[in-house]
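query_3.txt (compact mmCIF, C-alpha atoms and all ligand atoms) appears below.
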# COMPACT_ATOMS: atom_id res chain seq x y z
CA MET J 989 15.50 7.00 -1.36
CA PRO J 990 16.40 5.11 1.82
CA CYS J 991 13.27 3.36 2.97
CA TYR J 992 12.14 0.20 4.69
CA MET J 993 9.14 -2.07 4.36
CA ARG J 994 6.98 -3.38 7.15
CA LEU J 995 3.51 -4.79 7.65
CA MET J 996 0.84 -2.11 7.93
CA ARG J 997 -0.32 -1.28 11.46
CA LYS J 998 -3.31 0.53 12.92
CA GLU J 999 -1.30 3.71 13.41
CA ASP J 1000 -0.59 3.87 9.64
CA ILE J 1001 -4.28 4.05 8.69
CA ALA J 1002 -4.47 7.87 8.60
CA GLN J 1003 -1.44 8.23 6.32
CA VAL J 1004 -2.42 5.32 4.08
CA THR J 1005 -5.96 6.68 3.73
CA LYS J 1006 -4.52 10.07 2.77
CA ILE J 1007 -2.38 8.54 0.03
CA ASP J 1008 -5.34 6.44 -1.12
CA HIS J 1009 -7.64 9.49 -1.41
CA GLU J 1010 -5.00 11.49 -3.20
CA VAL J 1011 -4.13 8.76 -5.68
CA PHE J 1012 -7.58 7.23 -6.24
CA PRO J 1013 -9.97 10.20 -5.76
CA THR J 1014 -12.80 8.60 -7.76
CA LEU J 1015 -12.76 5.27 -5.93
CA TRP J 1016 -16.19 4.79 -4.35
CA PRO J 1017 -16.68 3.59 -1.71
CA PRO J 1018 -13.14 4.42 -0.59
CA THR J 1019 -11.22 1.52 0.93
CA ASN J 1020 -11.74 1.18 4.68
CA TYR J 1021 -8.24 0.30 5.88
CA LYS J 1022 -9.34 -0.27 9.44
CA ARG J 1023 -11.57 -3.05 8.17
CA GLU J 1024 -8.85 -4.31 5.83
CA LEU J 1025 -6.47 -4.72 8.79
CA GLU J 1026 -9.10 -6.82 10.56
CA ASN J 1027 -9.64 -8.97 7.47
CA ARG J 1028 -7.76 -12.26 7.73
CA LEU J 1029 -7.54 -12.52 3.94
CA ALA J 1030 -5.93 -9.10 3.51
CA HIS J 1031 -2.20 -8.41 3.82
CA TYR J 1032 -0.77 -4.89 3.59
CA ILE J 1033 2.75 -3.52 3.55
CA VAL J 1034 3.88 0.08 4.00
CA ALA J 1035 7.04 1.73 2.72
CA CYS J 1036 8.47 4.19 5.25
CA ASP J 1037 10.98 6.95 4.62
CA ALA J 1038 14.05 6.01 6.69
CA ARG J 1039 15.21 9.63 6.97
CA GLU J 1040 12.26 11.41 8.51
CA THR J 1041 9.16 11.15 10.63
CA VAL J 1042 5.89 13.07 10.35
CA GLU J 1043 4.04 14.92 13.06
CA GLU J 1044 0.42 14.08 13.64
CA PRO J 1045 -2.07 15.47 16.14
CA ARG J 1046 -2.41 13.14 19.11
CA VAL J 1047 -6.17 13.16 18.92
CA GLU J 1048 -7.41 11.07 16.03
CA VAL J 1049 -11.00 11.10 14.91
CA ALA J 1050 -12.60 7.70 15.43
CA SER J 1051 -14.17 6.30 12.32
CA GLY J 1052 -17.54 4.77 11.61
CA LYS J 1053 -19.78 3.91 14.52
CA ASP J 1054 -17.11 4.20 17.19
CA VAL J 1055 -18.94 7.02 18.95
CA SER J 1056 -17.88 6.09 22.49
CA GLY J 1057 -14.22 6.04 21.34
CA LEU J 1058 -14.66 9.46 19.75
CA MET J 1059 -16.35 10.85 22.87
CA SER J 1060 -13.58 9.66 25.15
CA LYS J 1061 -10.97 11.21 22.85
CA VAL J 1062 -12.85 14.53 22.80
CA LYS J 1063 -13.09 14.36 26.61
CA ARG J 1064 -9.35 13.68 26.94
CA LEU J 1065 -8.57 16.61 24.62
CA PHE J 1066 -10.95 18.88 26.57
CA ASN J 1067 -9.28 17.93 29.89
CA TYR J 1068 -5.82 18.48 28.42
CA MET J 1069 -6.73 21.91 27.10
CA ARG J 1070 -8.39 22.89 30.41
CA PHE J 1071 -5.16 22.21 32.31
CA PHE J 1072 -2.55 23.24 29.78
CA GLY J 1073 -4.44 25.84 27.76
CA GLU J 1074 -3.28 24.50 24.43
CA GLU J 1075 -3.53 21.49 22.17
CA PRO J 1076 -1.45 18.45 23.08
CA PRO J 1077 1.86 18.28 21.27
CA PRO J 1078 1.82 16.31 18.05
CA SER J 1079 3.28 12.82 18.10
CA SER J 1080 6.01 11.69 15.74
CA ARG J 1081 5.20 8.86 13.41
CA GLU J 1082 7.10 6.96 10.78
CA HIS J 1083 6.56 8.62 7.43
CA VAL J 1084 4.58 6.31 5.13
CA ILE J 1085 5.42 7.08 1.49
CA GLY J 1086 3.68 4.15 -0.14
CA PHE J 1087 1.75 0.99 0.46
CA ALA J 1088 0.57 -2.15 -1.26
CA GLY J 1089 -1.75 -4.98 -0.38
CA PHE J 1090 -3.37 -8.15 -1.56
CA TRP J 1091 -6.08 -10.59 -0.65
CA ILE J 1092 -5.31 -14.28 -0.45
CA MET J 1093 -8.14 -16.43 -1.80
CA ALA J 1094 -7.31 -20.13 -2.00
CA ASP J 1095 -3.91 -20.13 -3.74
CA GLU J 1096 -4.40 -16.77 -5.46
CA ALA J 1097 -2.94 -13.49 -4.17
CA HIS J 1098 -5.00 -10.68 -5.69
CA LEU J 1099 -3.20 -7.34 -5.58
CA THR J 1100 -5.79 -4.84 -4.33
CA ASN J 1101 -3.64 -1.75 -4.31
CA ILE J 1102 -0.19 -0.30 -4.75
CA ALA J 1103 0.52 3.42 -4.49
CA VAL J 1104 3.38 5.81 -3.84
CA TRP J 1105 3.10 9.51 -2.93
CA GLU J 1106 3.53 11.54 -6.10
CA SER J 1107 6.61 13.35 -4.73
CA SER J 1108 8.34 10.02 -4.00
CA ARG J 1109 7.74 8.36 -7.36
CA ARG J 1110 10.37 7.14 -9.85
CA GLN J 1111 12.80 6.36 -7.06
CA GLY J 1112 12.23 2.63 -6.91
CA ILE J 1113 9.65 2.60 -4.10
CA GLY J 1114 6.83 1.11 -6.18
CA GLU J 1115 9.15 -1.62 -7.41
CA LEU J 1116 10.32 -2.42 -3.89
CA LEU J 1117 6.69 -2.62 -2.75
CA LEU J 1118 5.92 -5.06 -5.54
CA ILE J 1119 8.98 -7.19 -4.72
CA SER J 1120 7.85 -7.21 -1.09
CA VAL J 1121 4.27 -8.25 -1.83
CA ILE J 1122 5.50 -11.04 -4.12
CA ASP J 1123 7.85 -12.21 -1.33
CA LEU J 1124 4.98 -12.11 1.17
CA ALA J 1125 2.59 -13.92 -1.19
CA MET J 1126 5.21 -16.68 -1.63
CA GLU J 1127 5.65 -16.89 2.13
CA LEU J 1128 1.87 -17.36 2.45
CA ASN J 1129 1.96 -20.20 -0.10
CA ALA J 1130 0.16 -18.41 -2.94
CA SER J 1131 0.64 -19.95 -6.38
CA ILE J 1132 -0.34 -17.03 -8.59
CA MET J 1133 -0.78 -13.28 -8.35
CA THR J 1134 -3.54 -11.44 -10.16
CA LEU J 1135 -4.71 -7.82 -10.44
CA GLU J 1136 -6.86 -5.36 -12.37
CA VAL J 1137 -5.45 -2.11 -13.71
CA ARG J 1138 -6.90 0.75 -15.71
CA ALA J 1139 -6.23 0.45 -19.42
CA SER J 1140 -4.75 3.98 -19.38
CA ASN J 1141 -2.40 3.26 -16.45
CA THR J 1142 0.70 2.54 -18.47
CA ALA J 1143 3.10 3.29 -15.59
CA ALA J 1144 1.62 0.57 -13.37
CA GLN J 1145 1.30 -1.88 -16.27
CA SER J 1146 4.95 -1.39 -17.12
CA LEU J 1147 5.89 -2.14 -13.49
CA TYR J 1148 3.75 -5.30 -13.49
CA ARG J 1149 5.13 -6.53 -16.81
CA LYS J 1150 8.66 -6.06 -15.52
CA TYR J 1151 7.79 -8.59 -12.79
CA GLY J 1152 6.27 -11.18 -15.11
CA PHE J 1153 2.59 -10.20 -15.10
CA ILE J 1154 0.88 -10.65 -18.44
CA GLN J 1155 -2.53 -9.55 -19.64
CA VAL J 1156 -5.04 -12.39 -19.33
CA GLY J 1157 -8.29 -10.53 -19.97
CA LEU J 1158 -10.12 -7.24 -20.39
CA ARG J 1159 -13.17 -6.06 -18.45
CA ARG J 1160 -15.06 -3.56 -20.59
CA GLY J 1161 -16.15 -0.45 -18.60
CA TYR J 1162 -14.89 -1.99 -15.34
CA TYR J 1163 -14.12 1.45 -13.86
CA ILE J 1164 -17.67 2.73 -13.83
CA ASN J 1165 -17.09 6.49 -13.31
CA GLU J 1166 -14.98 6.95 -16.40
CA ARG J 1167 -16.29 3.85 -18.19
CA GLU J 1168 -12.71 2.78 -18.54
CA ASP J 1169 -11.69 -0.80 -19.31
CA GLY J 1170 -9.90 -2.88 -16.70
CA VAL J 1171 -6.95 -4.96 -17.80
CA LEU J 1172 -6.71 -8.28 -15.96
CA MET J 1173 -3.14 -9.37 -15.36
CA SER J 1174 -1.68 -12.50 -13.85
CA THR J 1175 1.63 -14.15 -13.20
CA GLU J 1176 2.42 -17.75 -14.04
CA ASN J 1177 2.84 -20.04 -11.02
CA ILE J 1178 5.09 -18.00 -8.72
CA THR J 1179 6.71 -21.14 -7.35
CA SER J 1180 7.70 -22.33 -10.85
CA GLY J 1181 11.36 -22.40 -11.86
CA SER J 1182 10.84 -19.94 -14.71
CA PHE J 1183 9.05 -17.35 -12.53
CA GLN J 1184 11.63 -17.73 -9.76
CA ALA J 1185 14.54 -17.35 -12.19
CA HIS J 1186 13.04 -14.16 -13.67
CA PHE J 1187 12.10 -12.80 -10.23
CA GLN J 1188 15.61 -13.35 -8.84
CA LYS J 1189 17.10 -11.67 -11.93
CA VAL J 1190 14.97 -8.51 -11.72
CA ARG J 1191 15.39 -8.41 -7.95
CA GLN J 1192 19.16 -8.57 -8.32
CA ALA J 1193 19.11 -5.87 -11.01
CA TYR J 1194 17.02 -3.73 -8.66
CA ALA J 1195 19.52 -4.15 -5.79
CA GLU J 1196 22.44 -3.22 -8.07
CA ARG J 1197 20.67 -0.25 -9.61
CA TRP J 1198 19.65 1.27 -6.29
CA LYS J 1199 22.81 0.04 -4.51
CA LEU J 1200 21.06 -1.58 -1.59
CA ALA J 1201 20.61 -4.92 0.04
CA LEU J 1202 16.91 -5.71 -0.37
CA PRO J 1203 15.33 -5.01 3.00
CA LYS J 1204 13.28 -7.72 4.70
CA ILE J 1205 9.71 -6.91 5.61
CA THR J 1206 9.62 -6.24 9.34
CA ARG J 1207 6.53 -7.23 11.36
C1 LIG J 1301 2.57 2.65 -10.22
C2 LIG J 1301 3.39 3.29 -9.09
C3 LIG J 1301 3.06 2.57 -7.78
C4 LIG J 1301 4.88 3.14 -9.40
O1 LIG J 1301 5.62 3.64 -8.32
P1 LIG J 1301 7.07 4.29 -8.47
O2 LIG J 1301 7.68 4.34 -7.11
O3 LIG J 1301 7.01 5.56 -9.20
O4 LIG J 1301 7.79 3.21 -9.40
P2 LIG J 1301 9.34 2.87 -9.52
O5 LIG J 1301 10.16 4.10 -9.44
O6 LIG J 1301 9.66 1.78 -8.55
O7 LIG J 1301 9.39 2.29 -11.01
C5 LIG J 1301 9.38 0.89 -11.25
C6 LIG J 1301 8.89 0.62 -12.66
O8 LIG J 1301 7.53 1.08 -12.82
C7 LIG J 1301 7.34 1.56 -14.15
N1 LIG J 1301 7.03 2.97 -14.09
C8 LIG J 1301 6.89 3.74 -12.98
N2 LIG J 1301 6.52 4.98 -13.31
C9 LIG J 1301 6.43 5.01 -14.66
C10 LIG J 1301 6.06 6.02 -15.58
N3 LIG J 1301 5.74 7.26 -15.19
N4 LIG J 1301 6.02 5.70 -16.90
C11 LIG J 1301 6.33 4.47 -17.32
N5 LIG J 1301 6.71 3.46 -16.48
C12 LIG J 1301 6.73 3.73 -15.16
C13 LIG J 1301 8.64 1.29 -14.87
O9 LIG J 1301 8.58 -0.02 -15.41
C14 LIG J 1301 9.66 1.32 -13.75
O10 LIG J 1301 10.82 0.60 -14.05
P3 LIG J 1301 12.08 1.40 -14.70
O11 LIG J 1301 12.51 2.39 -13.65
O12 LIG J 1301 13.07 0.31 -14.93
O13 LIG J 1301 11.56 2.06 -15.95
C15 LIG J 1301 3.10 4.83 -8.97
O14 LIG J 1301 3.19 5.40 -10.25
C16 LIG J 1301 1.73 5.16 -8.37
O15 LIG J 1301 1.56 5.24 -7.15
N6 LIG J 1301 0.75 5.40 -9.25
C17 LIG J 1301 -0.60 5.75 -8.79
C18 LIG J 1301 -1.30 4.58 -8.17
C19 LIG J 1301 -1.55 3.47 -9.18
O16 LIG J 1301 -1.87 3.73 -10.33
N7 LIG J 1301 -1.44 2.23 -8.71
C20 LIG J 1301 -1.71 1.06 -9.52
C21 LIG J 1301 -3.12 0.65 -9.32
S1 LIG J 1301 -3.48 -0.85 -10.24
Show this structure as structure tokens.
Ligand SMILES: CC(C)(COP(=O)(O)OP(=O)(O)OC[C@H]1O[C@@H](n2cnc3c(N)ncnc32)[C@H](O)[C@@H]1OP(=O)(O)O)[C@@H](O)C(=O)NCCC(=O)NCCS
Amino acid sequence: MPCYMRLMRKEDIAQVTKIDHEVFPTLWPPTNYKRELENRLAHYIVACDARETVEEPRVEVASGKDVSGLMSKVKRLFNYMRFFGEEPPPSSREHVIGFAGFWIMADEAHLTNIAVWESSRRQGIGELLLISVIDLAMELNASIMTLEVRASNTAAQSLYRKYGFIQVGLRRGYYINEREDGVLMSTENITSGSFQAHFQKVRQAYAERWKLALPKITR
């Protein structure tokens, strides 16, 4: 699927939150992406469908304690409807089909999330997101990448293994709701010759398989 990667922006929060809720319904508390974007340690990328946009209502509900923001939006909507007798037209947005992010702590990039809309899976988007976060982590001078994944999540584990992650530990009952174990995975030093050689090889294979020049992450 033709898509491009770019850093996540404020206007992506609604779509990313929707994917997050759909894919991780039992995650509590759910991730607050507004706060994540304000967090200097956090870095998020979105994958956008290059062929289509989505329509969203112009009035977005403010989150959290932003009551004055919400009030002014309600007021603007009320004024619009008073004059035009209908809701404002929806605005077109880039269509986010997946996202991934990590936190940088010292020299470690800890993958916090990676997810693709169910209908867009198995088309190379998850792999491209992982390539992009590894690229970004290298750019930010990380030395290793780590993550936790459910023991039953064989699809994600297979993706991680393909990119050189290996199991380095097991957290018993880490996912509290289902009392499921968490598998800890890590790369070797991502600046090492052996990691780089493997990374370039799988990257190249990816580009040939999907017949594309690997897109750069736009800002
Ligand atoms: C994991 C996930 C991001 C993969 O996204 P995707 O776009 O479908 O993945 P891709 O098409 O790029 O596949 C890349 C690799 O992932 C692995 N993979 C993806 N789906 C798989 C599946 N259903 N079964 C086995 N392996 C799978 C394979 O190694 C695959 O490589 P291959 O095509 O050479 O076999 C996606 O399944 C997802 O969003 N899952 C729900 C969220 C989640 O579990 N995130 C991980 C949290 S730790």
Which chains and residue numbers are within 7 Å of ligand LIG 1301 (chain J), counting all atoms listed in the file, if I want them as a VMD selection string? chain J and resid 1011 1101 to 1106 1108 to 1116 1136 to 1138 1141 to 1144 1146 to 1147 1150
Any chance you could tabulate, as a tab-separated table, the residues of stretch 1111-1151 of chain J at most 10 Å from stretch 1168-1185 of chain J with each one's nearest atom pair and distance in Å to one decimal, using only C-alpha atoms, in chain and rising number order?
residue	atom	partner	partner_atom	distance
J:Ile1122	CA	J:Ile1178	CA	8.4
J:Asp1123	CA	J:Ile1178	CA	9.8
J:Ala1125	CA	J:Ile1178	CA	8.9
J:Met1126	CA	J:Ile1178	CA	7.2
J:Asn1129	CA	J:Thr1179	CA	8.7
J:Ala1130	CA	J:Ile1178	CA	7.6
J:Ser1131	CA	J:Asn1177	CA	5.1
J:Ile1132	CA	J:Asn1177	CA	5.0
J:Met1133	CA	J:Thr1175	CA	5.5
J:Thr1134	CA	J:Ser1174	CA	4.3
J:Leu1135	CA	J:Met1173	CA	5.4
J:Glu1136	CA	J:Leu1172	CA	4.6
J:Val1137	CA	J:Val1171	CA	5.2
J:Arg1138	CA	J:Gly1170	CA	4.8
J:Ala1139	CA	J:Asp1169	CA	5.6
J:Ser1140	CA	J:Glu1168	CA	8.1
J:Asn1141	CA	J:Val1171	CA	9.5
J:Gln1145	CA	J:Met1173	CA	8.8
J:Tyr1148	CA	J:Met1173	CA	8.2
J:Arg1149	CA	J:Met1173	CA	8.9
J:Tyr1151	CA	J:Thr1175	CA	8.3
Exercise: J:Leu1025 partners within 10 Å, all atoms listed in the file, chain neighbours under 6 positions left out, as an mmCIF file with C-alpha atoms, keeping the file's coordinate frame:
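As written to disk, result-v4.cif reads:
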data_model
loop_
_atom_site.group_PDB
_atom_site.id
_atom_site.type_symbol
_atom_site.label_atom_id
_atom_site.label_comp_id
_atom_site.auth_asym_id
_atom_site.auth_seq_id
_atom_site.Cartn_x
_atom_site.Cartn_y
_atom_site.Cartn_z
ATOM 1 C CA MET J 996 0.840 -2.110 7.930
ATOM 2 C CA ARG J 997 -0.320 -1.280 11.460
ATOM 3 C CA LYS J 998 -3.310 0.530 12.920
ATOM 4 C CA ILE J 1001 -4.280 4.050 8.690
ATOM 5 C CA HIS J 1031 -2.200 -8.410 3.820
ATOM 6 C CA TYR J 1032 -0.770 -4.890 3.590
#
Among J:Phe1187, J:Ala1097, J:Tyr992, J:Gly1086, J:Glu1010 is approached most closely, using only C-alpha atoms, by J:Gly1086
Nearest to J:Arg1039 by atom-to-atom distance, counting only C-alpha atoms, from J:Arg1023, J:His1083, J:Arg1167, J:Lys1199: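 Looking at the shortest contact to J:Arg1039, the residue is J:His1083.
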Mind pulling up the distance from atom CA of J:Thr1100 to atom CA of J:Leu1202?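 Value for the atom CA of J:Leu1202-atom CA of J:Thr1100 distance: 23.1 Å.
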Which is closest to J:Glu1096 among J:Val1034, J:Lys1006, J:Val1156, J:Leu1029, if we use only C-alpha atoms? J:Leu1029
Distance of atom CA of J:Ala1088 from atom CA of J:Ala1002, expressed in Å to one decimal place: 14.9 Å
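Checking J:Tyr1162, J:Phe1090, J:Phe1012, J:Trp1198 one by one against J:Leu995, counting all atoms listed in the file, you find the shortest gap at J:Phe1090.
The smallest atom-to-atom distance between J:Ala1035 and any of J:Ile1154, J:Leu1015, J:Leu1200, J:Leu1117, using all atoms listed in the file, is found for J:Leu1117.
The spacing separating atom CA of J:Lys1022 from atom CA of J:Val1084 amounts to 16.0 Å.
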Would you fill out stretch 995-1006 of chain J with all heavy atoms and return it as a short mmCIF file (atom, residue, chain, number, x, y, z; two decimals), in the coordinates of the input?
data_model
loop_
_atom_site.label_atom_id
_atom_site.label_comp_id
_atom_site.auth_asym_id
_atom_site.auth_seq_id
_atom_site.Cartn_x
_atom_site.Cartn_y
_atom_site.Cartn_z
N LEU J 995 4.94 -4.55 7.73
CA LEU J 995 3.51 -4.79 7.65
C LEU J 995 2.76 -3.55 8.14
O LEU J 995 3.24 -2.85 9.05
CB LEU J 995 3.12 -6.00 8.51
CG LEU J 995 3.68 -7.35 8.05
CD1 LEU J 995 3.15 -8.46 8.95
CD2 LEU J 995 3.33 -7.64 6.60
N MET J 996 1.62 -3.28 7.53
CA MET J 996 0.84 -2.11 7.93
C MET J 996 0.27 -2.32 9.34
O MET J 996 -0.11 -3.43 9.70
CB MET J 996 -0.32 -1.89 6.95
CG MET J 996 -1.02 -0.56 7.15
SD MET J 996 -2.61 -0.44 6.28
CE MET J 996 -2.10 -0.42 4.61
N ARG J 997 0.26 -1.23 10.11
CA ARG J 997 -0.32 -1.28 11.46
C ARG J 997 -1.44 -0.25 11.57
O ARG J 997 -1.56 0.62 10.72
CB ARG J 997 0.74 -0.91 12.51
CG ARG J 997 1.95 -1.77 12.49
CD ARG J 997 2.93 -1.28 13.55
NE ARG J 997 4.22 -1.89 13.36
CZ ARG J 997 5.38 -1.26 13.50
NH1 ARG J 997 5.42 0.02 13.82
NH2 ARG J 997 6.51 -1.89 13.31
N LYS J 998 -2.17 -0.37 12.70
CA LYS J 998 -3.31 0.53 12.92
C LYS J 998 -2.89 2.00 12.83
O LYS J 998 -3.60 2.82 12.27
CB LYS J 998 -3.88 0.25 14.32
CG LYS J 998 -5.37 0.12 14.32
CD LYS J 998 -5.89 -0.51 15.57
CE LYS J 998 -5.64 0.40 16.77
NZ LYS J 998 -5.93 -0.22 18.04
N GLU J 999 -1.71 2.31 13.37
CA GLU J 999 -1.30 3.71 13.41
C GLU J 999 -0.94 4.27 12.02
O GLU J 999 -0.71 5.46 11.87
CB GLU J 999 -0.15 3.93 14.40
CG GLU J 999 1.12 3.17 14.11
CD GLU J 999 1.19 1.85 14.88
OE1 GLU J 999 0.12 1.27 15.16
OE2 GLU J 999 2.31 1.42 15.21
N ASP J 1000 -0.89 3.40 11.01
CA ASP J 1000 -0.59 3.87 9.64
C ASP J 1000 -1.86 4.27 8.89
O ASP J 1000 -1.78 4.84 7.79
CB ASP J 1000 0.09 2.76 8.82
CG ASP J 1000 1.36 2.26 9.47
OD1 ASP J 1000 2.11 3.10 10.00
OD2 ASP J 1000 1.61 1.04 9.44
N ILE J 1001 -3.03 3.92 9.45
CA ILE J 1001 -4.28 4.05 8.69
C ILE J 1001 -4.48 5.48 8.16
O ILE J 1001 -4.83 5.67 7.01
CB ILE J 1001 -5.50 3.59 9.54
CG1 ILE J 1001 -5.42 2.07 9.72
CG2 ILE J 1001 -6.81 3.98 8.88
CD1 ILE J 1001 -6.47 1.49 10.66
N ALA J 1002 -4.22 6.49 9.02
CA ALA J 1002 -4.47 7.87 8.60
C ALA J 1002 -3.61 8.23 7.39
O ALA J 1002 -4.10 8.80 6.40
CB ALA J 1002 -4.20 8.83 9.75
N GLN J 1003 -2.32 7.88 7.43
CA GLN J 1003 -1.44 8.23 6.32
C GLN J 1003 -1.77 7.43 5.05
O GLN J 1003 -1.74 7.98 3.95
CB GLN J 1003 0.02 7.97 6.70
CG GLN J 1003 0.56 8.92 7.77
CD GLN J 1003 2.06 8.74 7.94
OE1 GLN J 1003 2.84 9.11 7.08
NE2 GLN J 1003 2.46 8.16 9.05
N VAL J 1004 -2.09 6.15 5.24
CA VAL J 1004 -2.42 5.32 4.08
C VAL J 1004 -3.71 5.82 3.43
O VAL J 1004 -3.81 5.92 2.20
CB VAL J 1004 -2.54 3.83 4.50
CG1 VAL J 1004 -3.20 2.99 3.43
CG2 VAL J 1004 -1.16 3.27 4.82
N THR J 1005 -4.68 6.18 4.26
CA THR J 1005 -5.96 6.68 3.73
C THR J 1005 -5.74 7.98 2.95
O THR J 1005 -6.33 8.20 1.89
CB THR J 1005 -6.97 6.90 4.89
OG1 THR J 1005 -7.13 5.65 5.56
CG2 THR J 1005 -8.31 7.38 4.39
N LYS J 1006 -4.83 8.80 3.45
CA LYS J 1006 -4.52 10.07 2.77
C LYS J 1006 -3.93 9.80 1.38
O LYS J 1006 -4.33 10.42 0.39
CB LYS J 1006 -3.52 10.85 3.63
CG LYS J 1006 -3.63 12.34 3.50
CD LYS J 1006 -2.89 12.98 4.65
CE LYS J 1006 -2.40 14.35 4.27
NZ LYS J 1006 -1.52 14.92 5.28
#
